[in-house]
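Data from run_14.txt: compact mmCIF, C-alpha atoms
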# COMPACT_ATOMS: atom_id res chain seq x y z
CA MET A 1 99.27 95.67 52.94
CA ASP A 2 100.27 98.53 55.25
CA HIS A 3 103.96 99.05 55.72
CA VAL A 4 106.17 100.89 58.15
CA SER A 5 107.35 103.98 56.31
CA HIS A 6 110.99 103.74 55.23
CA GLU A 7 112.96 105.52 52.57
CA HIS A 8 114.04 102.16 51.12
CA ASP A 9 110.94 100.20 50.10
CA GLU A 10 112.86 96.96 49.87
CA LEU A 11 113.55 97.17 53.61
CA ALA A 12 109.95 97.93 54.59
CA LEU A 13 108.29 95.48 56.98
CA PRO A 14 104.65 94.53 57.45
CA LEU A 15 103.22 96.32 60.50
CA ASP A 16 102.54 93.14 62.43
CA LEU A 17 106.11 91.92 61.93
CA ALA A 18 107.58 95.30 62.86
CA ARG A 19 105.44 95.31 65.99
CA ASP A 20 106.54 91.80 66.97
CA ILE A 21 110.19 92.75 66.58
CA LEU A 22 109.89 95.90 68.67
CA GLU A 23 107.88 94.16 71.39
CA GLN A 24 110.48 91.40 71.57
CA SER A 25 113.20 94.00 71.95
CA VAL A 26 111.35 95.39 74.95
CA HIS A 27 110.95 91.92 76.45
CA ILE A 28 114.70 91.39 76.16
CA GLU A 29 115.75 94.81 77.42
CA ARG A 30 113.33 97.15 79.21
CA ARG A 31 115.69 100.07 78.69
CA ASN A 32 114.50 100.06 75.09
CA ILE A 33 111.05 101.25 76.15
CA ALA A 34 111.73 104.97 76.56
CA PRO A 35 113.59 105.54 73.27
CA LEU A 36 111.13 103.44 71.28
CA MET A 37 108.19 105.46 72.61
CA LEU A 38 109.74 108.49 70.89
CA VAL A 39 110.03 106.92 67.44
CA SER A 40 106.50 107.64 66.22
CA HIS A 41 102.90 107.76 67.34
CA GLN A 42 102.31 104.24 66.02
CA VAL A 43 105.30 102.78 67.84
CA TYR A 44 104.30 104.67 70.99
CA GLU A 45 100.89 102.96 70.95
CA TRP A 46 102.56 99.56 70.64
CA ILE A 47 105.15 100.09 73.35
CA VAL A 48 103.44 102.20 76.03
CA PRO A 49 101.67 99.18 77.64
CA PHE A 50 105.12 97.80 78.50
CA TYR A 51 105.91 101.08 80.25
CA TYR A 52 102.97 100.42 82.59
CA GLN A 53 103.71 96.72 83.03
CA ASP A 54 104.75 97.08 86.67
CA ILE A 55 103.40 99.93 88.79
CA GLU A 56 104.58 100.99 92.24
CA ILE A 57 102.67 103.68 94.09
CA HIS A 58 104.39 105.35 97.04
CA ASP A 59 102.03 108.23 97.77
CA GLU A 60 98.62 108.92 96.28
CA SER A 61 99.34 112.65 96.22
CA CYS A 62 102.46 112.28 94.10
CA THR A 63 102.40 113.48 90.50
CA PRO A 64 102.96 110.03 88.88
CA CYS A 65 100.03 108.58 90.82
CA GLN A 66 97.78 111.51 89.91
CA SER A 67 98.67 111.04 86.25
CA LEU A 68 97.73 107.39 86.50
CA GLN A 69 94.17 108.40 87.32
CA ALA A 70 93.68 109.34 83.69
CA THR A 71 95.46 106.26 82.35
CA THR A 72 93.05 104.20 80.26
CA TYR A 73 92.83 100.46 79.96
CA PRO A 74 94.66 100.19 76.60
CA LYS A 75 97.78 101.52 78.31
CA LEU A 76 97.36 99.07 81.20
CA ARG A 77 96.51 96.03 79.13
CA ARG A 78 99.88 94.42 79.89
CA LEU A 79 100.01 95.38 83.56
CA ARG A 80 101.22 92.42 85.61
CA SER A 81 101.95 93.85 89.07
CA LEU A 82 100.69 96.63 91.33
CA LEU A 83 102.58 97.42 94.52
CA VAL A 84 101.44 100.06 97.03
CA HIS A 85 103.83 101.58 99.58
CA GLY A 86 103.50 104.20 102.27
CA GLN A 87 100.46 105.73 103.92
CA GLN A 88 97.49 105.99 101.63
CA ASN A 89 94.45 108.22 101.90
CA SER A 90 91.83 106.08 103.63
CA ASP A 91 89.10 108.75 103.57
CA THR A 92 88.75 109.58 99.90
CA VAL A 93 85.95 107.78 98.07
CA GLU A 94 87.60 107.81 94.66
CA THR A 95 91.40 107.93 94.53
CA PRO A 96 94.00 107.56 91.79
CA LEU A 97 94.64 104.12 93.20
CA HIS A 98 91.01 103.13 92.59
CA SER A 99 91.21 104.29 89.02
CA VAL A 100 94.35 102.28 88.43
CA LEU A 101 92.76 99.22 90.02
CA LYS A 102 89.60 99.37 87.91
CA ASN A 103 91.64 99.50 84.71
CA ALA A 104 94.30 97.06 85.87
CA CYS A 105 91.80 94.36 86.74
CA GLN A 106 90.78 94.14 83.09
CA SER A 107 94.26 92.92 82.19
CA PRO A 108 94.64 89.12 81.98
CA HIS A 109 98.31 89.66 82.85
CA PHE A 110 97.55 91.22 86.25
CA LYS A 111 98.85 88.49 88.57
CA LEU A 112 100.66 90.22 91.44
CA PHE A 113 99.21 92.61 94.01
CA GLY A 114 101.12 93.92 97.00
CA TRP A 115 99.98 96.28 99.74
CA TRP A 116 102.94 97.37 101.84
CA GLY A 117 101.19 100.49 103.00
CA SER A 118 101.04 101.36 106.68
CA THR A 119 97.27 101.90 106.63
CA PRO A 120 94.42 99.89 105.09
CA PRO A 121 92.76 101.30 101.97
CA ILE A 122 89.23 102.71 102.02
CA GLU A 123 86.46 100.24 102.73
CA ASP A 124 85.43 99.38 99.19
CA PHE A 125 88.91 98.96 97.77
CA PHE A 126 89.48 95.32 98.69
CA ILE A 127 85.94 94.42 97.67
CA GLU A 128 86.61 95.83 94.22
CA LEU A 129 89.90 93.97 94.12
CA CYS A 130 88.20 90.70 95.04
CA GLN A 131 85.38 91.15 92.55
CA LEU A 132 87.41 92.41 89.60
CA ALA A 133 90.87 90.87 89.79
CA ILE A 134 89.99 87.42 88.56
CA HIS A 135 93.51 86.63 87.34
CA LEU A 136 95.44 87.42 90.53
CA THR A 137 97.74 84.64 91.72
CA HIS A 138 100.01 86.36 94.28
CA LEU A 139 99.09 88.59 97.23
CA SER A 140 101.72 90.28 99.39
CA PHE A 141 100.99 92.29 102.54
CA GLY A 142 103.35 94.22 104.76
CA LEU A 143 101.09 94.16 107.81
CA THR A 144 99.00 91.37 109.27
CA ALA A 145 96.20 93.80 110.11
CA VAL A 146 95.83 94.87 106.49
CA PHE A 147 95.57 91.33 105.20
CA ALA A 148 93.08 90.53 107.97
CA ARG A 149 91.00 93.43 106.66
CA LEU A 150 91.04 91.96 103.15
CA ALA A 151 90.07 88.50 104.41
CA GLN A 152 87.23 89.90 106.50
CA ASP A 153 85.94 92.12 103.68
CA ALA A 154 85.91 89.16 101.31
CA LEU A 155 84.16 86.96 103.88
CA SER A 156 81.49 89.52 104.71
CA HIS A 157 80.67 90.05 101.03
CA GLY A 158 80.80 86.38 100.12
CA VAL A 159 83.61 86.92 97.61
CA THR A 160 85.96 84.09 96.66
CA LEU A 161 89.32 84.52 94.91
CA PHE A 162 89.78 81.17 93.19
CA SER A 163 92.84 82.33 91.26
CA VAL A 164 95.03 83.20 94.27
CA THR A 165 97.68 80.57 94.97
CA HIS A 166 100.38 82.48 96.92
CA ILE A 167 99.92 84.71 99.98
CA ASP A 168 102.69 86.24 102.03
CA ILE A 169 102.33 88.44 105.07
CA GLY A 170 105.70 90.05 105.40
CA SER A 171 105.71 91.53 108.88
CA GLY A 172 103.56 92.37 111.79
CA GLY A 173 105.50 91.44 114.85
CA ASN A 174 104.55 90.69 118.39
CA GLY A 175 102.77 94.02 118.74
CA ASP A 176 99.87 92.80 116.63
CA ASP A 177 96.50 92.37 118.28
CA HIS A 178 96.09 88.63 118.69
CA ASP A 179 92.50 88.63 117.47
CA ILE A 180 93.61 90.36 114.28
CA VAL A 181 96.34 87.79 113.76
CA LEU A 182 93.86 84.94 114.07
CA LYS A 183 91.41 86.68 111.72
CA SER A 184 94.18 86.95 109.13
CA LEU A 185 94.17 83.16 108.97
CA HIS A 186 90.51 82.93 107.95
CA LEU A 187 91.31 81.77 104.44
CA GLU A 188 87.86 80.73 103.25
CA PRO A 189 88.00 83.36 100.46
CA PHE A 190 91.18 81.69 99.12
CA PRO A 191 90.24 78.02 98.67
CA ARG A 192 93.05 77.27 96.22
CA VAL A 193 96.02 78.80 98.02
CA THR A 194 99.05 76.53 97.67
CA HIS A 195 101.70 78.67 99.39
CA LEU A 196 101.19 80.69 102.58
CA MET A 197 103.77 82.62 104.56
CA THR A 198 102.93 84.06 107.95
CA GLN A 199 104.94 85.30 110.93
CA ASP A 200 106.42 84.02 114.14
CA TYR A 201 104.99 85.23 117.44
CA ALA A 202 105.98 85.20 121.10
CA GLU A 203 105.69 82.00 123.10
CA ASP A 204 102.70 83.19 125.16
CA PHE A 205 100.63 83.43 121.97
CA PHE A 206 102.26 80.71 119.92
CA VAL A 207 100.13 77.86 121.30
CA ALA A 208 96.86 79.52 120.20
CA TYR A 209 98.55 80.46 116.96
CA THR A 210 99.64 76.86 116.39
CA ASN A 211 96.09 75.58 116.81
CA VAL A 212 94.84 77.98 114.14
CA LEU A 213 97.69 77.05 111.79
CA LEU A 214 96.71 73.41 112.18
CA ASP A 215 93.12 74.33 111.30
CA VAL A 216 94.46 75.98 108.14
CA LEU A 217 96.47 72.87 107.26
CA ARG A 218 93.43 70.66 107.79
CA ALA A 219 91.07 72.87 105.82
CA LEU A 220 93.47 73.16 102.88
CA LYS A 221 95.07 69.73 103.11
CA ASP A 222 94.23 68.89 99.50
CA VAL A 223 95.68 72.08 98.01
CA LEU A 224 98.18 73.70 100.37
CA GLN A 225 101.73 72.68 99.51
CA LEU A 226 103.78 74.89 101.78
CA LEU A 227 103.11 76.89 104.95
CA VAL A 228 106.06 79.00 106.09
CA ILE A 229 106.43 80.54 109.53
CA SER A 230 108.96 83.29 108.99
CA GLY A 231 110.71 84.79 112.00
CA TYR A 232 113.83 86.61 113.05
CA ASN A 233 115.04 84.77 116.15
CA VAL A 234 116.90 81.63 115.14
CA ASP A 235 117.40 80.70 118.79
CA GLU A 236 113.67 80.05 119.11
CA HIS A 237 113.51 77.53 116.26
CA ASP A 238 113.70 74.43 118.46
CA ASN A 239 111.15 75.83 120.92
CA ARG A 240 108.71 76.63 118.13
CA ALA A 241 109.14 73.19 116.58
CA LYS A 242 108.56 71.50 119.94
CA THR A 243 105.44 73.59 120.63
CA ILE A 244 103.97 72.65 117.27
CA CYS A 245 104.74 68.96 117.68
CA ASP A 246 103.38 68.88 121.24
CA HIS A 247 100.07 70.38 120.13
CA THR A 248 99.58 68.32 116.99
CA PRO A 249 97.48 65.18 117.46
CA PRO A 250 99.18 62.01 116.18
CA GLU A 251 96.60 61.61 113.42
CA ASP A 252 97.52 65.07 112.08
CA ARG A 253 101.31 64.69 112.16
CA TYR A 254 101.39 64.10 108.41
CA LEU A 255 100.26 67.69 107.94
CA LEU A 256 103.57 68.93 109.33
CA GLU A 257 105.32 67.76 106.18
CA LYS A 258 103.97 70.95 104.62
CA LEU A 259 105.23 73.22 107.40
CA VAL A 260 108.54 75.11 107.40
CA ILE A 261 109.91 77.30 110.18
CA SER A 262 112.27 79.67 108.44
CA TYR A 263 114.47 82.36 109.92
CA HIS A 264 115.69 83.50 106.55
CA SER A 265 113.89 86.77 105.98
CA PRO A 266 113.68 87.72 102.31
CA ASP A 267 114.74 91.02 100.84
CA TRP A 268 111.19 92.08 100.00
CA GLU A 269 112.08 94.71 97.42
CA ASP A 270 114.47 92.46 95.54
CA ASP A 271 112.17 89.47 95.80
CA TRP A 272 109.21 91.40 94.40
CA ILE A 273 111.29 92.31 91.34
CA ARG A 274 112.39 88.70 90.85
CA LEU A 275 108.84 87.45 91.31
CA ARG A 276 107.31 89.74 88.71
CA ARG A 277 110.06 88.82 86.24
CA GLY A 278 109.39 85.13 86.74
CA GLU A 279 112.87 84.60 88.20
CA VAL A 280 113.93 82.49 91.18
CA ASN A 281 112.27 84.07 94.22
CA TYR A 282 111.71 83.53 97.92
CA TRP A 283 109.20 80.74 97.46
CA VAL A 284 111.64 78.80 95.30
CA ASP A 285 114.42 79.37 97.81
CA VAL A 286 112.28 78.04 100.66
CA GLU A 287 111.27 75.01 98.59
CA LYS A 288 114.94 74.17 98.04
CA GLY A 289 115.73 74.28 101.75
CA ARG A 290 112.39 73.03 103.00
CA ARG A 291 111.57 70.45 105.65
CA LEU A 292 113.65 72.02 108.28
CA HIS A 293 110.95 71.46 110.03
CA VAL A 294 109.34 70.39 112.80
Please rewrite the model in this file as structure tokens.
Amino acid sequence: MDHVSHEHDELALPLDLARDILEQSVHIERRNIAPLMLVSHQVYEWIVPFYYQDIEIHDESCTPCQSLQATTYPKLRRLRSLLVHGQQNSDTVETPLHSVLKNACQSPHFKLFGWWGSTPPIEDFFIELCQLAIHLTHLSFGLTAVFARLAQDALSHGVTLFSVTHIDIGSGGNGDDHDIVLKSLHLEPFPRVTHLMTQDYAEDFFVAYTNVLLDVLRALKDVLQLLVISGYNVDEHDNRAKTICDHTPPEDRYLLEKLVISYHSPDWEDDWIRLRRGEVNYWVDVEKGRRLHV
């Protein structure tokens, strides 16, 4: 049997046991990754996938992102989250981000995808995401318009993401085009979503918005567990609740048990970290304080 080289044979370990021990040490403390990668070529091959477990891309032109373009699947086999910030290049056909995506989607651990960029990606990006990322469970978007683009791309190509259970649209504001907002709630490509967070909007649009939210609740009544309207003006809570109640037919009032109007805005950066670690996150917090409701 192969052994890890050691000057004292009686202390030598089988390779599989040595690997298990080192991988557990990385699970317990991620700061162990960098020093362990320097131990030997063999240990480097074991540990490097943990180095690429969570990837954040801030600018496609940056050196780390360019280096990722050459990163092969073996290094990304443990990737669990990909988060994109900033303004991305929407004109380039093949970008470092595309290369990362194609490799990442092969990983059965790839569960979390966030696009907090200020511009949508190139046209084919979301289609590739929808077709390849069959293990995704969580989607997070900084802008309503970007998520609307994903939903429309998936619809137009007949793609369904059965694995997605959680969708949050973190911001958007009252400056959003109302048609785009309504398109973002076309959730046919996500038939198994259990948790949805969307945004509050001004009173002049909220009635139309409420009607679409009710359509979502009806369409997903057998799977959706929680729909959160997240806003920033606590003074409007009672008005929003009254508007929703006034426009909900009596036979649909039971659907409102799944609706929460929350004016607790999460710390998105911190919550993303907690989410990818499997720790208590925004969704759990809302569940604990739910039914504030309408």
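Distance-wise, atom CA of Asp238 of chain A and atom CA of Ser184 of chain A end up 25.0 Å apart.
Residue nearest Leu182 of chain A within the list A:Ile167, A:Ser156, A:Ala145, A:Asp246: A:Ala145 [criterion: smallest interatomic distance, all atoms listed in the file].
The space separating atom CA of Asp168 of chain A from atom CA of Ser140 of chain A comes to 4.9 Å.
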Can you report as JSON the centre and edge lengths in Å, to one decimal, of an axis-aligned box around the listed atoms of segment 244-260 of chain A padded with 3 Å on each side?
{"center_x": 102.6, "center_y": 68.4, "center_z": 112.9, "size_x": 17.9, "size_y": 19.5, "size_z": 22.6}
One-decimal distance in Å that lies between atom CA of Ser107 of chain A and atom CA of Thr144 of chain A: 27.5 Å
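The shell of residues at most 9 Å from segment 210-213 of chain A, with all atoms listed in the file counted and near chain neighbours (fewer than 6 positions) removed, consists of Leu182, Leu185, Leu227, Thr243, Ile244, His247 and Thr248 of chain A.
With all atoms listed in the file as the basis for measurement, A:Leu101 is the residue among A:Ile55, A:Val223, A:Met197, A:Leu101 that approaches Gln131 of chain A most closely.
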